[in-house]
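Participant: Shown below is the structure under consideration.
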Amino acid sequence: MKSIQMVDLKGQYNEIKDEVNTSIQEVLETTAFVNGPKVHEFQKNLKQYLGVKHVIPCANGTDALQIAMMGLGLQPGDEVITADFTFAATVEVIALLQLTPVLVDVNEDDFNISIEAIKKAITPKTKAIVPVHLFGQCANMEAIMELAKEHNLYVIEDNAQAIGASYTYSNGTKAKAGTIGNVGATSFFPSKNLGCYGDGGAIFTNDDDLAHTIRGIVNHGMYERYHHDVVGVNSRLDSIQAAVLNAKLPNLDTYNKKRQAAAKKYTAAFEGIENIITPKLSNGCTEICDTCDCHVFHQYTLRVNSTKRDGLVKHLNENSIPCGVYYPIPLHKQKAYADERYNEADFVVTNQLVQEVIALPMHTELDDEQIAHITSTIINYINE
Ligand SMILES: *Cc1c(COP(=O)(O)O)cnc(C)c1O
């Protein structure tokens, strides 16, 4: 059996070596390292893929979130509601801009931000909601957009983990994750579903004015050369990363299908096993299938009994099976984001999930033998 990795970037590279190498070579030959034709080409290709009016590439996913919030003109003291159970980048940029983060609980079934918790957290100072499409599946965007409309709030989608996923509205129409709110942000960190070979990110929007504002912000607040109209940042996707992304984008759907196929095999193997809860699909989606892209499995996350979770992590590592705990500490308990405003009774689900979750190896190169080995090792341990 091939050794098992959490993310197999080498195996994936071997499959697309020629395309990637040629694409990078073109950048080297033209020496257009920053804002070169490759970046424009990628922007155009991604726009088409997502069916969105504007894609603005930037340096990483954290910047993408920050710039989206700057573009919307959010001001210090504005309250921004986001999930307690996510990667820290989401809340980090809110705090960095001196906005007031309002962390709220998530759903037990799909790990995404709870609509009831958002409703409870809205105050006259609330200006925005940041749903995170955690582990590859959209938050309940229809309900979130309704709340936003009712309370006049912006919606910024943190789509770092769900690029290529689709959201289906109750009337059956579909939209790509990240293109539903006022603005979406994504990351091309190497391990993401569409990863480059370094850092990268992008912002999406259908709003022409916002796109214009954001294009200036990413480039030192310049709308005309050496005229600085607003305080901006330097956040660019470099051409070599765009070259990699251009070579990989045509494969994104295939990559996501491979992740779904692996997820389906995992779930089948755990069926009927007590004390293992497999990932649930939501938003009207009931099963992982080839035609359905409601979940693109950035992570395949199980819930196991909290008394067994840490032991299982250790057992898997001892058996050369990597795994991850995303995320081990609720954000409201992190030193940087703890606040007297928070009440433990409002974080029942997150407090429980952090003790139960375990993410299994998930990438495009997993084979049946590896999946069988991973699942049997887990089942044996849980049944012990
Ligand atoms: C990866 C990630 C980010 C940040 O992306 P970077 O490119 O690493 O800055 C933000 N939010 C979530 C949910 C992520 O998973």
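Naming works like this for the structure tokens: A, B, ... for the chains as they're shown, residue 1 at the start of each chain, ligands 1 onward in shown order.
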Just want the residues within 6 Å of ligand 1, written as JSON, numbers by chain, counting only C-alpha atoms and all ligand atoms.
Facilitator: {"A": [60, 61, 62, 86, 87, 89, 90, 132, 158, 160, 161, 187, 188, 189, 199, 200, 201]}
Participant: Each residue of segment 97-136 of chain A with at least one atom at most 8 Å from segment 331-352 of chain A should appear once, together with its nearest atom pair and the corresponding distance in Å (one decimal); atoms considered: only C-alpha atoms; ordering: chain, then increasing residue number; output as a Markdown table.
Facilitator:
| residue | atom | partner | partner_atom | distance |
| --- | --- | --- | --- | --- |
| A:Leu103 | CA | A:His332 | CA | 6.7 |
| A:Val104 | CA | A:Phe347 | CA | 7.0 |
| A:Asp105 | CA | A:Phe347 | CA | 5.1 |
| A:Val106 | CA | A:Thr350 | CA | 6.4 |
| A:Asn107 | CA | A:Val349 | CA | 6.8 |
| A:Glu108 | CA | A:Val349 | CA | 6.0 |
| A:Ala117 | CA | A:Asp346 | CA | 8.0 |
Participant: Residues at most 8 Å from segment 287-298 of chain A, counting only C-alpha atoms, excluding those fewer than 4 positions away in the same chain, as a ChimeraX atom specification?
Facilitator: /A:135-138,161-168,192-193,256-257,259-261,263-264,281,283,362
Participant: Can you tell me, as a compact mmCIF listing (two decimals) with all heavy atoms, in the first residue's frame, which residues in segment 111-202 of chain A count as alpha helix (DSSP H) by DSSP?
Facilitator:
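Ended up saving to out.txt:
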# COMPACT_ATOMS: atom_id res chain seq x y z
N ILE A 115 -28.57 29.49 12.08
CA ILE A 115 -29.44 30.61 11.74
C ILE A 115 -30.09 31.18 13.02
O ILE A 115 -30.18 32.40 13.20
CB ILE A 115 -30.53 30.17 10.73
CG1 ILE A 115 -29.87 29.61 9.46
CG2 ILE A 115 -31.49 31.31 10.40
CD1 ILE A 115 -28.92 30.54 8.74
N GLU A 116 -30.51 30.28 13.90
CA GLU A 116 -31.11 30.73 15.16
C GLU A 116 -30.13 31.58 15.95
O GLU A 116 -30.48 32.60 16.54
CB GLU A 116 -31.57 29.52 16.00
CG GLU A 116 -32.81 28.83 15.45
CD GLU A 116 -33.91 29.82 15.01
OE1 GLU A 116 -34.28 30.67 15.84
OE2 GLU A 116 -34.36 29.75 13.84
N ALA A 117 -28.86 31.14 15.96
CA ALA A 117 -27.84 31.88 16.72
C ALA A 117 -27.58 33.25 16.08
O ALA A 117 -27.37 34.24 16.79
CB ALA A 117 -26.55 31.07 16.78
N ILE A 118 -27.62 33.32 14.75
CA ILE A 118 -27.44 34.63 14.09
C ILE A 118 -28.57 35.55 14.52
O ILE A 118 -28.35 36.69 14.92
CB ILE A 118 -27.44 34.50 12.54
CG1 ILE A 118 -26.27 33.65 12.06
CG2 ILE A 118 -27.40 35.88 11.88
CD1 ILE A 118 -26.26 33.40 10.54
N LYS A 119 -29.81 35.04 14.44
CA LYS A 119 -30.98 35.86 14.79
C LYS A 119 -30.83 36.45 16.19
O LYS A 119 -31.13 37.62 16.41
CB LYS A 119 -32.25 35.00 14.75
CG LYS A 119 -32.77 34.76 13.35
CD LYS A 119 -34.09 34.00 13.40
CE LYS A 119 -34.52 33.56 12.01
NZ LYS A 119 -35.54 32.50 12.05
N LYS A 120 -30.37 35.62 17.10
CA LYS A 120 -30.22 36.05 18.50
C LYS A 120 -29.15 37.12 18.66
O LYS A 120 -29.19 37.93 19.57
CB LYS A 120 -29.82 34.82 19.34
CG LYS A 120 -30.77 34.51 20.48
CD LYS A 120 -30.30 33.33 21.29
CE LYS A 120 -29.78 33.75 22.65
NZ LYS A 120 -29.35 32.58 23.45
N ALA A 121 -28.16 37.09 17.75
CA ALA A 121 -26.99 37.97 17.91
C ALA A 121 -27.15 39.32 17.21
O ALA A 121 -26.34 40.22 17.42
CB ALA A 121 -25.75 37.25 17.39
N MET A 141 -27.51 29.58 2.99
CA MET A 141 -27.42 30.92 2.41
C MET A 141 -28.78 31.57 2.19
O MET A 141 -28.91 32.79 2.28
CB MET A 141 -26.64 30.87 1.09
CG MET A 141 -25.15 30.65 1.27
SD MET A 141 -24.37 31.83 2.40
CE MET A 141 -24.49 33.35 1.47
N GLU A 142 -29.77 30.77 1.90
CA GLU A 142 -31.09 31.35 1.65
C GLU A 142 -31.59 32.06 2.91
O GLU A 142 -32.03 33.21 2.85
CB GLU A 142 -32.06 30.24 1.21
CG GLU A 142 -33.29 30.77 0.57
CD GLU A 142 -33.95 29.73 -0.34
OE1 GLU A 142 -33.37 28.64 -0.57
OE2 GLU A 142 -35.07 30.00 -0.80
N ALA A 143 -31.48 31.39 4.04
CA ALA A 143 -31.91 32.00 5.30
C ALA A 143 -31.03 33.19 5.67
O ALA A 143 -31.53 34.21 6.16
CB ALA A 143 -31.88 30.95 6.42
N ILE A 144 -29.75 33.06 5.39
CA ILE A 144 -28.82 34.15 5.73
C ILE A 144 -29.11 35.38 4.87
O ILE A 144 -29.16 36.51 5.37
CB ILE A 144 -27.35 33.68 5.57
CG1 ILE A 144 -27.01 32.67 6.67
CG2 ILE A 144 -26.37 34.85 5.59
CD1 ILE A 144 -25.72 31.92 6.50
N MET A 145 -29.37 35.17 3.58
CA MET A 145 -29.67 36.31 2.70
C MET A 145 -30.99 36.98 3.09
O MET A 145 -31.13 38.20 3.00
CB MET A 145 -29.71 35.87 1.23
CG MET A 145 -28.38 35.37 0.68
SD MET A 145 -26.95 36.41 0.99
CE MET A 145 -27.30 37.79 -0.09
N GLU A 146 -31.93 36.17 3.55
CA GLU A 146 -33.21 36.74 4.00
C GLU A 146 -33.01 37.62 5.24
O GLU A 146 -33.53 38.74 5.31
CB GLU A 146 -34.19 35.62 4.35
CG GLU A 146 -35.23 35.38 3.27
CD GLU A 146 -36.02 34.12 3.53
OE1 GLU A 146 -36.47 33.91 4.68
OE2 GLU A 146 -36.16 33.31 2.58
N LEU A 147 -32.24 37.09 6.20
CA LEU A 147 -31.96 37.86 7.41
C LEU A 147 -31.23 39.15 7.07
O LEU A 147 -31.50 40.22 7.62
CB LEU A 147 -31.08 37.05 8.37
CG LEU A 147 -31.76 36.03 9.26
CD1 LEU A 147 -30.72 35.29 10.08
CD2 LEU A 147 -32.74 36.75 10.19
N ALA A 148 -30.28 39.04 6.13
CA ALA A 148 -29.49 40.21 5.75
C ALA A 148 -30.37 41.28 5.13
O ALA A 148 -30.22 42.47 5.40
CB ALA A 148 -28.39 39.78 4.77
N LYS A 149 -31.31 40.83 4.32
CA LYS A 149 -32.22 41.77 3.67
C LYS A 149 -33.10 42.47 4.71
O LYS A 149 -33.24 43.69 4.71
CB LYS A 149 -33.08 40.99 2.67
CG LYS A 149 -33.76 41.86 1.65
CD LYS A 149 -34.37 41.03 0.54
CE LYS A 149 -35.31 41.88 -0.29
NZ LYS A 149 -36.19 41.07 -1.12
N GLU A 150 -33.62 41.65 5.59
CA GLU A 150 -34.51 42.17 6.63
C GLU A 150 -33.82 43.20 7.52
O GLU A 150 -34.42 44.19 7.92
CB GLU A 150 -34.98 40.96 7.45
CG GLU A 150 -36.07 41.22 8.45
CD GLU A 150 -36.37 39.92 9.23
OE1 GLU A 150 -36.23 38.81 8.64
OE2 GLU A 150 -36.70 40.03 10.41
N HIS A 151 -32.54 42.95 7.84
CA HIS A 151 -31.83 43.84 8.78
C HIS A 151 -30.81 44.74 8.09
O HIS A 151 -30.00 45.38 8.75
CB HIS A 151 -31.14 43.00 9.86
CG HIS A 151 -32.09 42.22 10.71
ND1 HIS A 151 -32.68 42.74 11.84
CD2 HIS A 151 -32.59 40.96 10.57
CE1 HIS A 151 -33.48 41.84 12.38
NE2 HIS A 151 -33.45 40.75 11.62
Participant: For atom CA of Val55 of chain A and atom CA of Ala202 of chain A, quote the distance in Å rounded to one decimal.
Facilitator: 6.6 Å
Participant: Could you pull the residues within 6 Å of Pro328 of chain A, counting only C-alpha atoms, minus those fewer than 2 positions along the same chain, as a PDB file with N, CA and C atoms, in the first residue's frame?
Facilitator:
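Output file around_26.pdb is given in full below:
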ATOM      1  N   VAL A 325      -7.501  17.465  13.752  1.00  0.00           N
ATOM      2  CA  VAL A 325      -8.632  17.917  14.549  1.00  0.00           C
ATOM      3  C   VAL A 325      -8.878  19.372  14.184  1.00  0.00           C
ATOM      4  N   TYR A 326      -9.912  19.569  13.363  1.00  0.00           N
ATOM      5  CA  TYR A 326     -10.306  20.919  12.943  1.00  0.00           C
ATOM      6  C   TYR A 326     -11.685  21.166  13.488  1.00  0.00           C
ATOM      7  N   VAL A 354     -15.721  20.402  19.308  1.00  0.00           N
ATOM      8  CA  VAL A 354     -14.257  20.450  19.429  1.00  0.00           C
ATOM      9  C   VAL A 354     -13.704  19.201  20.132  1.00  0.00           C
TER      10      VAL A 354
END
Participant: Taking 4 positions as the minimum chain separation for residues in the same chain, which residues sit within 12 Å of segment 212-218 of chain A when counting only C-alpha atoms? Answer as a PyMOL selection string.
Facilitator: chain A and resi 35+53-60+63-73+183-185+201-208+222-237
Participant: Go ahead and dump the residues you just picked, N, CA and C atoms, as a compact mmCIF listing (two decimals), in the first residue's frame.
Facilitator:
# COMPACT_ATOMS: atom_id res chain seq x y z
N ASN A 35 1.18 40.72 -11.87
CA ASN A 35 0.10 41.21 -12.75
C ASN A 35 0.35 40.92 -14.24
N LYS A 53 -19.61 38.04 -11.89
CA LYS A 53 -19.19 39.16 -12.73
C LYS A 53 -17.74 39.59 -12.53
N HIS A 54 -17.28 39.52 -11.29
CA HIS A 54 -15.91 40.00 -11.03
C HIS A 54 -15.14 39.03 -10.14
N VAL A 55 -13.91 38.78 -10.54
CA VAL A 55 -12.97 38.04 -9.70
C VAL A 55 -11.74 38.94 -9.53
N ILE A 56 -11.38 39.20 -8.31
CA ILE A 56 -10.19 40.02 -8.06
C ILE A 56 -9.18 39.15 -7.30
N PRO A 57 -8.11 38.75 -7.96
CA PRO A 57 -7.13 37.90 -7.30
C PRO A 57 -6.37 38.70 -6.24
N CYS A 58 -5.90 38.03 -5.21
CA CYS A 58 -5.08 38.70 -4.20
C CYS A 58 -4.11 37.68 -3.59
N ALA A 59 -3.40 38.09 -2.55
CA ALA A 59 -2.24 37.32 -2.09
C ALA A 59 -2.58 36.06 -1.29
N ASN A 60 -3.70 36.04 -0.61
CA ASN A 60 -4.08 34.87 0.19
C ASN A 60 -5.52 35.02 0.64
N ASP A 63 -6.21 37.80 3.39
CA ASP A 63 -6.30 39.13 2.76
C ASP A 63 -7.64 39.29 2.04
N ALA A 64 -8.06 38.24 1.37
CA ALA A 64 -9.32 38.32 0.60
C ALA A 64 -10.47 38.73 1.52
N LEU A 65 -10.52 38.12 2.71
CA LEU A 65 -11.57 38.45 3.68
C LEU A 65 -11.42 39.90 4.16
N GLN A 66 -10.18 40.26 4.49
CA GLN A 66 -9.93 41.61 5.00
C GLN A 66 -10.31 42.66 3.95
N ILE A 67 -9.89 42.43 2.72
CA ILE A 67 -10.13 43.41 1.66
C ILE A 67 -11.63 43.50 1.35
N ALA A 68 -12.32 42.35 1.43
CA ALA A 68 -13.77 42.37 1.21
C ALA A 68 -14.43 43.28 2.24
N MET A 69 -13.99 43.17 3.49
CA MET A 69 -14.59 43.99 4.56
C MET A 69 -14.21 45.45 4.39
N MET A 70 -12.97 45.72 3.96
CA MET A 70 -12.55 47.11 3.70
C MET A 70 -13.38 47.68 2.56
N GLY A 71 -13.59 46.88 1.54
CA GLY A 71 -14.33 47.33 0.35
C GLY A 71 -15.76 47.72 0.68
N LEU A 72 -16.34 47.03 1.65
CA LEU A 72 -17.72 47.32 2.03
C LEU A 72 -17.80 48.56 2.93
N GLY A 73 -16.64 49.06 3.33
CA GLY A 73 -16.61 50.28 4.13
C GLY A 73 -17.03 50.06 5.58
N VAL A 183 -20.27 39.65 -1.35
CA VAL A 183 -18.88 39.39 -1.75
C VAL A 183 -18.45 38.04 -1.18
N GLY A 184 -17.58 37.37 -1.92
CA GLY A 184 -17.04 36.09 -1.46
C GLY A 184 -15.53 36.14 -1.44
N ALA A 185 -14.94 35.37 -0.54
CA ALA A 185 -13.47 35.35 -0.44
C ALA A 185 -13.01 33.91 -0.48
N GLY A 201 -5.11 33.96 -3.24
CA GLY A 201 -6.51 34.12 -2.83
C GLY A 201 -7.27 34.91 -3.88
N ALA A 202 -8.57 35.03 -3.68
CA ALA A 202 -9.39 35.84 -4.61
C ALA A 202 -10.66 36.28 -3.93
N ILE A 203 -11.19 37.37 -4.49
CA ILE A 203 -12.44 37.95 -4.00
C ILE A 203 -13.42 37.91 -5.18
N PHE A 204 -14.67 37.54 -4.92
CA PHE A 204 -15.67 37.50 -6.00
C PHE A 204 -16.82 38.43 -5.66
N THR A 205 -17.37 39.07 -6.67
CA THR A 205 -18.60 39.84 -6.44
C THR A 205 -19.34 40.08 -7.76
N ASN A 206 -20.63 40.28 -7.65
CA ASN A 206 -21.45 40.66 -8.81
C ASN A 206 -21.72 42.16 -8.82
N ASP A 207 -21.17 42.87 -7.82
CA ASP A 207 -21.43 44.29 -7.65
C ASP A 207 -20.31 45.10 -8.33
N ASP A 208 -20.66 45.82 -9.40
CA ASP A 208 -19.64 46.55 -10.19
C ASP A 208 -18.90 47.59 -9.36
N MET A 222 -4.94 52.64 -5.21
CA MET A 222 -4.71 53.40 -6.47
C MET A 222 -5.77 53.07 -7.50
N TYR A 223 -6.42 54.10 -8.03
CA TYR A 223 -7.36 53.90 -9.13
C TYR A 223 -6.78 54.48 -10.41
N GLU A 224 -5.80 55.34 -10.20
CA GLU A 224 -5.07 55.93 -11.31
C GLU A 224 -3.63 55.91 -10.83
N ARG A 225 -2.70 55.65 -11.72
CA ARG A 225 -1.31 55.48 -11.30
C ARG A 225 -0.81 56.63 -10.42
N TYR A 226 -0.33 56.27 -9.23
CA TYR A 226 0.22 57.21 -8.25
C TYR A 226 -0.79 58.21 -7.70
N HIS A 227 -2.08 57.91 -7.86
CA HIS A 227 -3.12 58.67 -7.17
C HIS A 227 -3.73 57.73 -6.14
N HIS A 228 -3.54 58.03 -4.86
CA HIS A 228 -4.01 57.12 -3.81
C HIS A 228 -5.26 57.69 -3.17
N ASP A 229 -6.41 57.17 -3.56
CA ASP A 229 -7.68 57.74 -3.12
C ASP A 229 -8.14 57.21 -1.77
N VAL A 230 -7.79 55.97 -1.48
CA VAL A 230 -8.17 55.36 -0.20
C VAL A 230 -6.94 54.64 0.35
N VAL A 231 -7.00 54.31 1.66
CA VAL A 231 -5.90 53.53 2.23
C VAL A 231 -6.09 52.09 1.74
N GLY A 232 -5.10 51.57 1.07
CA GLY A 232 -5.22 50.22 0.54
C GLY A 232 -4.18 49.29 1.15
N VAL A 233 -3.94 48.20 0.48
CA VAL A 233 -2.92 47.23 0.90
C VAL A 233 -2.17 46.79 -0.36
N ASN A 234 -1.11 46.04 -0.17
CA ASN A 234 -0.45 45.40 -1.30
C ASN A 234 -0.78 43.93 -1.22
N SER A 235 -1.70 43.49 -2.03
CA SER A 235 -2.09 42.09 -1.98
C SER A 235 -2.30 41.60 -3.40
N ARG A 236 -1.28 40.90 -3.93
CA ARG A 236 -1.35 40.46 -5.32
C ARG A 236 -1.16 38.96 -5.42
N LEU A 237 -1.78 38.37 -6.41
CA LEU A 237 -1.51 36.98 -6.75
C LEU A 237 -0.34 37.03 -7.72
Participant: Please determine, counting only C-alpha atoms, which residue among A:Gln299, A:Gln12, A:Thr377, A:Thr286 has the shortest atom-to-atom distance to Val357 of chain A.
Facilitator: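 Of A:Gln299, A:Gln12, A:Thr377, A:Thr286, the one nearest Val357 of chain A, counting only C-alpha atoms, is A:Gln299.
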Participant: One decimal, Å: what's the distance from atom CA of Asn246 of chain A over to atom CA of Ser23 of chain A, could you say?
Facilitator: 7.8 Å
Participant: Hey, what's within 12 Å of Glu26 of chain A if we count only C-alpha atoms and toss same-chain stuff fewer than 6 positions away? As a list in words, please?
Facilitator: Glu19, Val20, Ala32, Phe33, Gly36, Pro37, Lys38, Ser239, Ile240, Ala242, Ala243, Val244, Asn246 and Ala247 of chain A
Participant: Could you tell me which of A:Asn251, A:Ala359, A:Thr100, A:Asn140 comes closest to Gly195 of chain A if we count only C-alpha atoms?
Facilitator: A:Asn251
Participant: List every residue of segment 31-273 of chain A that DSSP, applied to the backbone, labels as strand (DSSP E or B), and write the result as a VMD selection string.
Facilitator: chain A and resid 34 54 to 58 79 to 83 100 to 104 106 113 126 to 130 132 137 154 to 158 166 to 168 174 to 176 183 to 187 201 to 205 219 222 to 224 227 to 228 234 238
Participant: Go through A:Leu74, A:Ile273, A:Ala175, A:Leu96 one by one, measure the shortest atom-to-atom distance of each to Ala128 of chain A using only C-alpha atoms, and give the residue with the smallest value.
Facilitator: A:Leu74
Participant: Between atom CA of Ile156 of chain A and atom CA of Pro131 of chain A, what distance in Å does the model show, to one decimal?
Facilitator: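 Rounded to one decimal, the two atoms are 6.9 Å apart.
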